[in-house]
>>> print(open('coords30.csv').read())   # CSV, C-alpha atoms
chain,number,residue,atom,x,y,z
A,13,MET,CA,1.5,-2.4,71.7
A,14,LEU,CA,3.4,-2.9,75.0
A,15,TRP,CA,1.7,-4.9,77.6
A,16,VAL,CA,1.9,-3.5,81.1
A,17,PRO,CA,1.5,-6.0,84.0
A,18,GLU,CA,-1.5,-5.5,86.2
A,19,GLY,CA,-0.8,-3.4,89.3
A,20,GLN,CA,2.1,-1.5,87.6
A,21,LEU,CA,-0.1,1.2,86.1
A,22,GLY,CA,-0.1,4.3,88.2
A,23,ASP,CA,0.4,8.1,87.4
A,24,ALA,CA,2.2,9.3,84.3
A,25,ALA,CA,5.6,9.2,85.9
A,26,ASP,CA,5.1,5.6,87.1
A,27,LEU,CA,3.9,4.6,83.7
A,28,ASN,CA,6.9,6.1,82.0
A,29,THR,CA,9.1,4.1,84.4
A,30,VAL,CA,7.3,0.9,83.6
A,31,LEU,CA,7.5,1.5,79.9
A,32,GLU,CA,11.2,2.3,80.1
A,33,ARG,CA,11.9,-0.9,82.0
A,34,HIS,CA,10.2,-3.0,79.3
A,35,ARG,CA,11.9,-1.3,76.4
A,36,MET,CA,15.0,-2.9,74.9
A,37,LYS,CA,17.7,-2.0,72.4
A,38,ILE,CA,17.6,-4.7,69.7
A,39,ALA,CA,20.1,-5.3,66.9
A,40,VAL,CA,18.3,-6.6,63.8
A,41,PHE,CA,20.0,-8.3,60.9
A,42,GLY,CA,18.2,-8.9,57.6
A,43,GLY,CA,16.0,-5.9,58.6
A,44,SER,CA,15.4,-4.8,55.0
A,45,GLY,CA,14.2,-8.3,54.0
A,46,ARG,CA,10.5,-9.3,53.6
A,47,THR,CA,10.4,-10.7,57.2
A,48,GLY,CA,12.9,-8.4,58.7
A,49,VAL,CA,10.9,-5.3,57.8
A,50,HIS,CA,8.1,-6.7,59.9
A,51,VAL,CA,10.5,-7.3,62.8
A,52,VAL,CA,11.7,-3.7,62.7
A,53,GLU,CA,8.2,-2.2,62.4
A,54,GLN,CA,6.8,-4.2,65.2
A,55,ALA,CA,9.8,-3.6,67.5
A,56,LEU,CA,9.5,0.2,66.9
A,57,ALA,CA,5.7,0.0,67.5
A,58,ALA,CA,6.4,-1.7,70.9
A,59,GLY,CA,8.7,1.2,71.9
A,60,HIS,CA,12.1,-0.5,71.5
A,61,HIS,CA,15.2,1.1,70.1
A,62,VAL,CA,16.3,-0.8,66.9
A,63,ILE,CA,19.7,-0.8,65.3
A,64,VAL,CA,19.7,-2.3,61.8
A,65,LEU,CA,22.7,-3.3,59.6
A,66,VAL,CA,21.8,-3.1,55.9
A,67,ARG,CA,23.8,-3.0,52.7
A,68,ASP,CA,21.4,-0.6,51.1
A,69,PRO,CA,19.6,1.9,53.5
A,70,ASN,CA,17.2,2.8,50.6
A,71,LYS,CA,15.7,-0.7,51.0
A,72,LEU,CA,14.5,0.2,54.5
A,73,PRO,CA,12.3,3.2,53.6
A,74,MET,CA,11.2,4.2,57.2
A,75,LYS,CA,12.2,6.8,59.6
A,76,HIS,CA,11.8,6.8,63.4
A,77,ASP,CA,13.4,8.4,66.4
A,78,ASN,CA,14.2,5.0,67.8
A,79,LEU,CA,15.7,3.6,64.6
A,80,THR,CA,19.4,3.6,63.9
A,81,VAL,CA,20.5,2.4,60.4
A,82,ILE,CA,24.1,1.3,59.9
A,83,GLN,CA,25.2,0.7,56.3
A,84,GLY,CA,27.3,-2.4,56.0
A,85,ASP,CA,27.5,-6.2,55.5
A,86,VAL,CA,26.8,-9.1,57.9
A,87,LEU,CA,29.9,-10.8,56.4
A,88,ASN,CA,32.0,-7.9,57.8
A,89,ALA,CA,32.9,-8.8,61.4
A,90,ASP,CA,33.7,-5.2,62.4
A,91,GLN,CA,30.4,-3.9,61.1
A,92,VAL,CA,28.4,-6.6,62.8
A,93,GLU,CA,30.2,-5.8,66.1
A,94,ALA,CA,29.4,-2.1,65.7
A,95,THR,CA,25.7,-3.0,65.3
A,96,ILE,CA,25.6,-5.3,68.4
A,97,LYS,CA,27.6,-3.3,70.9
A,98,GLY,CA,25.4,-1.9,73.6
A,99,THR,CA,22.3,-3.8,72.7
A,100,ASP,CA,20.1,-6.1,74.9
A,101,ALA,CA,19.2,-8.7,72.3
A,102,VAL,CA,19.9,-9.7,68.7
A,103,ILE,CA,17.3,-10.8,66.1
A,104,SER,CA,18.4,-12.2,62.8
A,105,ALA,CA,15.9,-12.5,59.9
A,106,LEU,CA,18.6,-13.3,57.4
A,107,GLY,CA,17.7,-15.7,54.6
A,108,PRO,CA,19.6,-16.8,51.5
A,109,THR,CA,18.9,-15.3,48.1
A,110,LYS,CA,20.1,-16.2,44.6
A,111,ALA,CA,22.9,-13.6,45.0
A,112,SER,CA,24.1,-14.6,48.5
A,113,PRO,CA,27.0,-16.9,49.2
A,114,LYS,CA,26.2,-20.5,50.1
A,115,ASP,CA,27.6,-20.0,53.6
A,116,LEU,CA,25.7,-16.8,54.4
A,117,LEU,CA,24.1,-18.0,57.6
A,118,SER,CA,27.0,-19.7,59.1
A,119,VAL,CA,29.6,-17.0,58.3
A,120,SER,CA,27.3,-14.2,59.4
A,121,GLY,CA,26.2,-16.3,62.4
A,122,GLN,CA,29.7,-16.7,63.6
A,123,ASN,CA,30.3,-13.0,63.3
A,124,ILE,CA,27.2,-12.4,65.3
A,125,ILE,CA,28.1,-14.9,68.0
A,126,ASN,CA,31.7,-13.5,68.3
A,127,ALA,CA,30.4,-10.0,68.7
A,128,MET,CA,27.7,-11.0,71.2
A,129,LYS,CA,30.2,-12.8,73.4
A,130,LYS,CA,32.7,-9.9,73.2
A,131,HIS,CA,30.1,-7.4,74.4
A,132,GLY,CA,28.2,-9.6,76.8
A,133,VAL,CA,24.9,-9.8,74.9
A,134,LYS,CA,23.2,-13.1,75.7
A,135,ARG,CA,19.8,-13.2,73.9
A,136,PHE,CA,19.8,-14.3,70.2
A,137,ILE,CA,16.7,-15.1,68.1
A,138,GLY,CA,17.2,-16.3,64.5
A,139,GLU,CA,15.2,-17.6,61.6
A,140,SER,CA,15.7,-20.9,59.8
A,141,GLY,CA,13.9,-23.2,57.5
A,142,ALA,CA,11.6,-26.1,58.5
A,143,GLY,CA,13.6,-28.3,56.1
A,144,VAL,CA,16.0,-28.7,59.0
A,145,VAL,CA,14.5,-31.7,60.6
A,146,LEU,CA,15.3,-32.5,64.2
A,147,PRO,CA,14.9,-35.7,66.3
A,148,GLU,CA,12.3,-33.9,68.5
A,149,ASP,CA,10.0,-33.4,65.5
A,150,PRO,CA,7.0,-35.8,65.2
A,151,GLN,CA,7.6,-37.9,62.0
A,152,THR,CA,4.8,-38.7,59.5
A,153,PHE,CA,4.9,-39.9,56.0
A,154,GLY,CA,4.2,-36.4,54.7
A,155,SER,CA,6.9,-34.7,56.8
A,156,ARG,CA,9.4,-37.3,55.7
A,157,VAL,CA,8.6,-36.8,52.0
A,158,MET,CA,8.8,-33.0,52.4
A,159,GLY,CA,12.1,-33.3,54.3
A,160,THR,CA,13.6,-35.5,51.5
A,161,LEU,CA,12.4,-33.2,48.7
A,162,VAL,CA,13.6,-30.0,50.4
A,163,GLY,CA,17.0,-31.7,51.1
A,164,LEU,CA,17.4,-32.5,47.5
A,165,MET,CA,16.2,-29.2,46.1
A,166,ILE,CA,18.2,-26.8,48.4
A,167,LYS,CA,21.0,-29.0,49.7
A,168,ASP,CA,23.4,-26.1,50.2
A,169,VAL,CA,20.8,-24.0,52.1
A,170,ILE,CA,20.0,-26.9,54.4
A,171,ALA,CA,23.7,-27.5,55.1
A,172,ASP,CA,24.2,-23.8,55.9
A,173,ASN,CA,21.1,-23.9,58.2
A,174,ARG,CA,22.5,-26.9,60.0
A,175,GLN,CA,25.9,-25.3,60.5
A,176,GLN,CA,24.2,-22.3,61.9
A,177,LEU,CA,22.3,-24.4,64.4
A,178,ALA,CA,25.5,-26.3,65.4
A,179,GLN,CA,27.3,-22.9,66.0
A,180,LEU,CA,24.5,-21.8,68.3
A,181,ARG,CA,24.4,-25.0,70.3
A,182,SER,CA,28.1,-24.5,71.2
A,183,SER,CA,27.9,-20.8,71.7
A,184,GLY,CA,26.9,-20.5,75.3
A,185,LEU,CA,24.3,-17.9,74.3
A,186,ASP,CA,20.6,-17.8,75.2
A,187,TRP,CA,19.5,-18.7,71.7
A,188,THR,CA,16.3,-19.6,69.9
A,189,LEU,CA,16.2,-20.6,66.3
A,190,VAL,CA,12.7,-20.4,64.8
A,191,ARG,CA,12.1,-22.8,61.9
A,192,ALA,CA,9.5,-21.7,59.5
A,193,PRO,CA,7.7,-23.4,56.6
A,194,VAL,CA,6.4,-21.7,53.5
A,195,LEU,CA,6.2,-17.9,54.1
A,196,ASN,CA,3.5,-15.6,52.7
A,197,ASN,CA,2.6,-12.0,52.8
A,198,GLY,CA,-0.6,-12.6,54.8
A,199,PRO,CA,-1.7,-10.4,57.7
A,200,ARG,CA,-0.4,-10.5,61.3
A,201,THR,CA,-3.0,-12.6,63.1
A,202,GLY,CA,-1.2,-13.6,66.4
A,203,LYS,CA,-2.8,-17.0,66.0
A,204,TYR,CA,-0.3,-19.8,65.3
A,205,ASN,CA,1.2,-23.0,66.7
A,206,ALA,CA,4.8,-23.1,67.9
A,207,GLY,CA,6.9,-26.0,69.2
A,208,TYR,CA,8.0,-29.4,67.9
A,209,GLN,CA,5.2,-30.4,65.5
A,210,THR,CA,4.4,-32.1,62.2
A,211,MET,CA,5.4,-30.0,59.2
A,212,GLY,CA,3.7,-31.4,56.2
A,213,PRO,CA,3.6,-29.9,52.6
A,214,GLY,CA,0.7,-27.6,53.5
A,215,ALA,CA,2.4,-25.9,56.5
A,216,LYS,CA,2.6,-22.1,56.2
A,217,ILE,CA,3.0,-18.9,58.1
A,218,SER,CA,2.9,-15.2,57.3
A,219,ARG,CA,6.0,-13.1,57.6
A,220,ALA,CA,4.2,-10.7,59.9
A,221,ASP,CA,3.4,-13.5,62.3
A,222,ILE,CA,6.8,-15.1,62.4
A,223,ALA,CA,8.2,-11.6,63.1
A,224,GLU,CA,5.8,-11.2,66.0
A,225,PHE,CA,6.8,-14.6,67.4
A,226,MET,CA,10.6,-13.8,67.0
A,227,LEU,CA,10.2,-10.4,68.7
A,228,LYS,CA,8.3,-12.0,71.6
A,229,GLN,CA,11.2,-14.4,72.2
A,230,ALA,CA,13.4,-11.4,73.2
A,231,ARG,CA,11.9,-11.7,76.7
A,232,ASP,CA,10.3,-15.1,76.6
A,233,LYS,CA,12.5,-17.9,78.0
A,234,THR,CA,10.3,-20.8,76.9
A,235,TYR,CA,12.4,-21.8,73.9
A,236,ILE,CA,15.9,-20.9,75.0
A,237,GLY,CA,18.3,-23.4,73.6
A,238,GLN,CA,15.7,-24.8,71.3
A,239,ALA,CA,14.7,-24.7,67.6
A,240,PRO,CA,10.8,-24.7,67.5
A,241,THR,CA,8.8,-24.7,64.4
A,242,ILE,CA,6.0,-22.2,63.8
A,243,ARG,CA,2.9,-22.7,61.6
A,244,TYR,CA,-0.9,-22.2,61.3
>>> encode(input="coords30.csv", output="structure tokens")
Amino acid sequence: MLWVPEGQLGDAADLNTVLERHRMKIAVFGGSGRTGVHVVEQALAAGHHVIVLVRDPNKLPMKHDNLTVIQGDVLNADQVEATIKGTDAVISALGPTKASPKDLLSVSGQNIINAMKKHGVKRFIGESGAGVVLPEDPQTFGSRVMGTLVGLMIKDVIADNRQQLAQLRSSGLDWTLVRAPVLNNGPRTGKYNAGYQTMGPGAKISRADIAEFMLKQARDKTYIGQAPTIRY
């Protein structure tokens, strides 16, 4: 649901003007994934126009007047550029799978950054793992243990996430990288904590809630240039 500021609600014509001013054209990468589907659905429900790049359009089984689906690959710079051109913001819900290359996030991330800079698109929101520990994070024994274990189990994934963060920091874009712990298929609650916080072994968040938070960042400037964590 689109929130209309108090005092801006008038007759039907005025309301349409307000709604149009709050709508955005958003490029979504990873839109057929388990988190990305929530991003797409929620963005469409809010009245935004969504352009999604997917390798297999059949994995995004939804139709909507404001949805444009482009078949392609995030590792293809030209196809990434075609998705981003003319948009207002970019949301990436990409995540590694067993079949994806070890440098999926950093290679696709550089393609996205290059295309955004070429077409003057400034706002980027991406998803990363909580295993990427930053100096701003409060450190506890539990969080240190989790960080060590995650670093050992998925060394290549953490390295790729760190490279993605380094690229964003030097990009000159208005970026936010949302670090998430264990994801589940729970409902969208709208009730979660975000920021630099303790992320012990029990930290979790639903895919629907991280999608909501990422979508909100398209207009929220609170975490520009930051990599907050999100959890219940």
>>> residues_around(input="coords30.csv", residues="Glu139 (chain A)", least_positions_apart="3", cutoff="8 Å", atoms="all atoms listed in the file", output="list in words")
Ser104, Ala105, Leu106, Gly107, Leu189, Val190, Arg191 and Ala192 of chain A
>>> residues_near_point(input="coords30.csv", point="(7.4, -21.9, 52.1)", cutoff="9 Å", atoms="only C-alpha atoms", output="list in words")
Gly141, Ala142, Ala192, Pro193, Val194, Leu195, Asn196, Pro213, Gly214, Ala215, Lys216 and Ile217 of chain A
>>> residues_around(input="coords30.csv", residues="Lys114 (chain A)", least_positions_apart="6", cutoff="10 Å", atoms="all atoms listed in the file", output="ChimeraX atom specification")
/A:108,167-172
>>> closest_residue(input="coords30.csv", among="A:Leu185, A:Ile137, A:Ala127, A:Val62", to="Lys228 (chain A)", atoms="all atoms listed in the file")
A:Ile137
>>> atom_distance(input="coords30.csv", atom1="CA of Asn78 (chain A)", atom2="CA of Ile242 (chain A)")
28.7 Å
>>> atom_distance(input="coords30.csv", atom1="CA of Ser118 (chain A)", atom2="CA of His61 (chain A)")
26.3 Å
>>> atom_distance(input="coords30.csv", atom1="CA of Ile236 (chain A)", atom2="CA of Trp187 (chain A)")
5.4 Å
>>> residues_around(input="coords30.csv", residues="Asp85 (chain A)", least_positions_apart="4", cutoff="10 Å", atoms="all atoms listed in the file", output="PDB file with C-alpha atoms, keeping the file's coordinate frame")
ATOM      1  CA  PHE A  41      20.000  -8.300  60.900  1.00  0.00           C
ATOM      2  CA  GLY A  42      18.200  -8.900  57.600  1.00  0.00           C
ATOM      3  CA  LEU A  65      22.700  -3.300  59.600  1.00  0.00           C
ATOM      4  CA  VAL A  66      21.800  -3.100  55.900  1.00  0.00           C
ATOM      5  CA  ARG A  67      23.800  -3.000  52.700  1.00  0.00           C
ATOM      6  CA  ASP A  68      21.400  -0.600  51.100  1.00  0.00           C
ATOM      7  CA  ALA A  89      32.900  -8.800  61.400  1.00  0.00           C
ATOM      8  CA  ASP A  90      33.700  -5.200  62.400  1.00  0.00           C
ATOM      9  CA  GLN A  91      30.400  -3.900  61.100  1.00  0.00           C
ATOM     10  CA  VAL A  92      28.400  -6.600  62.800  1.00  0.00           C
ATOM     11  CA  SER A 120      27.300 -14.200  59.400  1.00  0.00           C
TER      12      SER A 120
END
>>> closest_residue(input="coords30.csv", among="A:Leu72, A:Gly212, A:His50, A:Asp221", to="Gly198 (chain A)", atoms="all atoms listed in the file")
A:Asp221
>>> residues_around(input="coords30.csv", residues="Lys134 (chain A)", least_positions_apart="5", cutoff="8 Å", atoms="only C-alpha atoms", output="PDB file with C-alpha atoms, in the coordinates of the input")
ATOM      1  CA  ASP A 100      20.100  -6.100  74.900  1.00  0.00           C
ATOM      2  CA  ALA A 101      19.200  -8.700  72.300  1.00  0.00           C
ATOM      3  CA  MET A 128      27.700 -11.000  71.200  1.00  0.00           C
ATOM      4  CA  LYS A 129      30.200 -12.800  73.400  1.00  0.00           C
ATOM      5  CA  LEU A 185      24.300 -17.900  74.300  1.00  0.00           C
ATOM      6  CA  ASP A 186      20.600 -17.800  75.200  1.00  0.00           C
ATOM      7  CA  TRP A 187      19.500 -18.700  71.700  1.00  0.00           C
TER       8      TRP A 187
END
>>> closest_residue(input="coords30.csv", among="A:Lys110, A:Arg219, A:Gly84, A:Gly132", to="Thr201 (chain A)", atoms="all atoms listed in the file")
A:Arg219
>>> closest_residue(input="coords30.csv", among="A:Lys203, A:Ser112, A:Tyr208, A:Pro240", to="Leu177 (chain A)", atoms="all atoms listed in the file")
A:Pro240
>>> closest_residue(input="coords30.csv", among="A:Gly184, A:Gly207, A:Gly59, A:Gly43", to="Arg135 (chain A)", atoms="all atoms listed in the file")
A:Gly184
>>> residues_around(input="coords30.csv", residues="Ile96 (chain A)", least_positions_apart="3", cutoff="8 Å", atoms="all atoms listed in the file", output="count of residues only")
10
>>> decode(input="coords30.csv", residues="region 62-88 of chain A", atoms="N, CA and C atoms", output="CSV table (one decimal), in the first residue's frame")
chain,number,residue,atom,x,y,z
A,62,VAL,N,8.1,-2.2,-12.6
A,62,VAL,CA,9.2,-3.1,-12.3
A,62,VAL,C,9.7,-3.7,-13.6
A,63,ILE,N,11.1,-3.6,-13.8
A,63,ILE,CA,11.7,-4.3,-14.9
A,63,ILE,C,12.7,-5.3,-14.3
A,64,VAL,N,12.4,-6.6,-14.7
A,64,VAL,CA,13.2,-7.7,-14.1
A,64,VAL,C,14.0,-8.4,-15.2
A,65,LEU,N,15.2,-8.7,-14.9
A,65,LEU,CA,16.1,-9.5,-15.7
A,65,LEU,C,16.2,-10.9,-15.2
A,66,VAL,N,15.7,-11.9,-15.9
A,66,VAL,CA,15.8,-13.2,-15.5
A,66,VAL,C,16.2,-14.2,-16.6
A,67,ARG,N,16.9,-15.2,-16.2
A,67,ARG,CA,17.4,-16.2,-17.2
A,67,ARG,C,16.2,-17.0,-17.8
A,68,ASP,N,15.3,-17.3,-16.9
A,68,ASP,CA,14.1,-18.1,-17.3
A,68,ASP,C,12.8,-17.5,-16.9
A,69,PRO,N,12.1,-16.8,-17.8
A,69,PRO,CA,10.9,-16.1,-17.5
A,69,PRO,C,9.9,-17.0,-16.8
A,70,ASN,N,9.9,-18.3,-17.1
A,70,ASN,CA,8.9,-19.2,-16.5
A,70,ASN,C,9.1,-19.3,-15.0
A,71,LYS,N,10.2,-18.9,-14.5
A,71,LYS,CA,10.4,-18.9,-13.0
A,71,LYS,C,9.8,-17.7,-12.3
A,72,LEU,N,9.3,-16.8,-13.1
A,72,LEU,CA,8.6,-15.6,-12.5
A,72,LEU,C,7.1,-15.7,-13.0
A,73,PRO,N,6.3,-16.6,-12.5
A,73,PRO,CA,5.0,-16.8,-13.0
A,73,PRO,C,4.0,-15.8,-12.6
A,74,MET,N,4.2,-14.5,-13.0
A,74,MET,CA,3.2,-13.5,-12.6
A,74,MET,C,3.1,-12.5,-13.8
A,75,LYS,N,1.9,-12.0,-13.9
A,75,LYS,CA,1.7,-11.0,-15.0
A,75,LYS,C,1.1,-9.7,-14.4
A,76,HIS,N,1.5,-8.6,-14.9
A,76,HIS,CA,1.0,-7.3,-14.4
A,76,HIS,C,1.3,-6.3,-15.4
A,77,ASP,N,0.4,-5.3,-15.5
A,77,ASP,CA,0.6,-4.2,-16.5
A,77,ASP,C,1.9,-3.4,-16.2
A,78,ASN,N,2.3,-3.4,-15.0
A,78,ASN,CA,3.5,-2.6,-14.7
A,78,ASN,C,4.8,-3.4,-14.6
A,79,LEU,N,4.7,-4.7,-15.1
A,79,LEU,CA,5.8,-5.6,-15.0
A,79,LEU,C,6.4,-5.8,-16.4
A,80,THR,N,7.7,-5.6,-16.5
A,80,THR,CA,8.4,-5.9,-17.8
A,80,THR,C,9.5,-6.9,-17.5
A,81,VAL,N,9.4,-8.0,-18.2
A,81,VAL,CA,10.4,-9.1,-17.9
A,81,VAL,C,11.3,-9.2,-19.1
A,82,ILE,N,12.6,-9.1,-18.8
A,82,ILE,CA,13.7,-9.2,-19.9
A,82,ILE,C,14.4,-10.5,-19.6
A,83,GLN,N,14.5,-11.3,-20.7
A,83,GLN,CA,15.2,-12.6,-20.6
A,83,GLN,C,16.7,-12.3,-20.8
A,84,GLY,N,17.5,-12.7,-19.9
A,84,GLY,CA,19.0,-12.5,-20.0
A,84,GLY,C,19.7,-13.0,-18.8
A,85,ASP,N,21.0,-12.5,-18.7
A,85,ASP,CA,21.9,-12.9,-17.6
A,85,ASP,C,22.6,-11.7,-17.0
A,86,VAL,N,22.7,-11.7,-15.7
A,86,VAL,CA,23.3,-10.6,-15.0
A,86,VAL,C,24.8,-10.5,-15.3
A,87,LEU,N,25.4,-11.6,-15.8
A,87,LEU,CA,26.8,-11.6,-16.2
A,87,LEU,C,27.0,-11.0,-17.6
A,88,ASN,N,25.9,-10.7,-18.3
A,88,ASN,CA,26.0,-10.0,-19.6
A,88,ASN,C,25.8,-8.5,-19.4
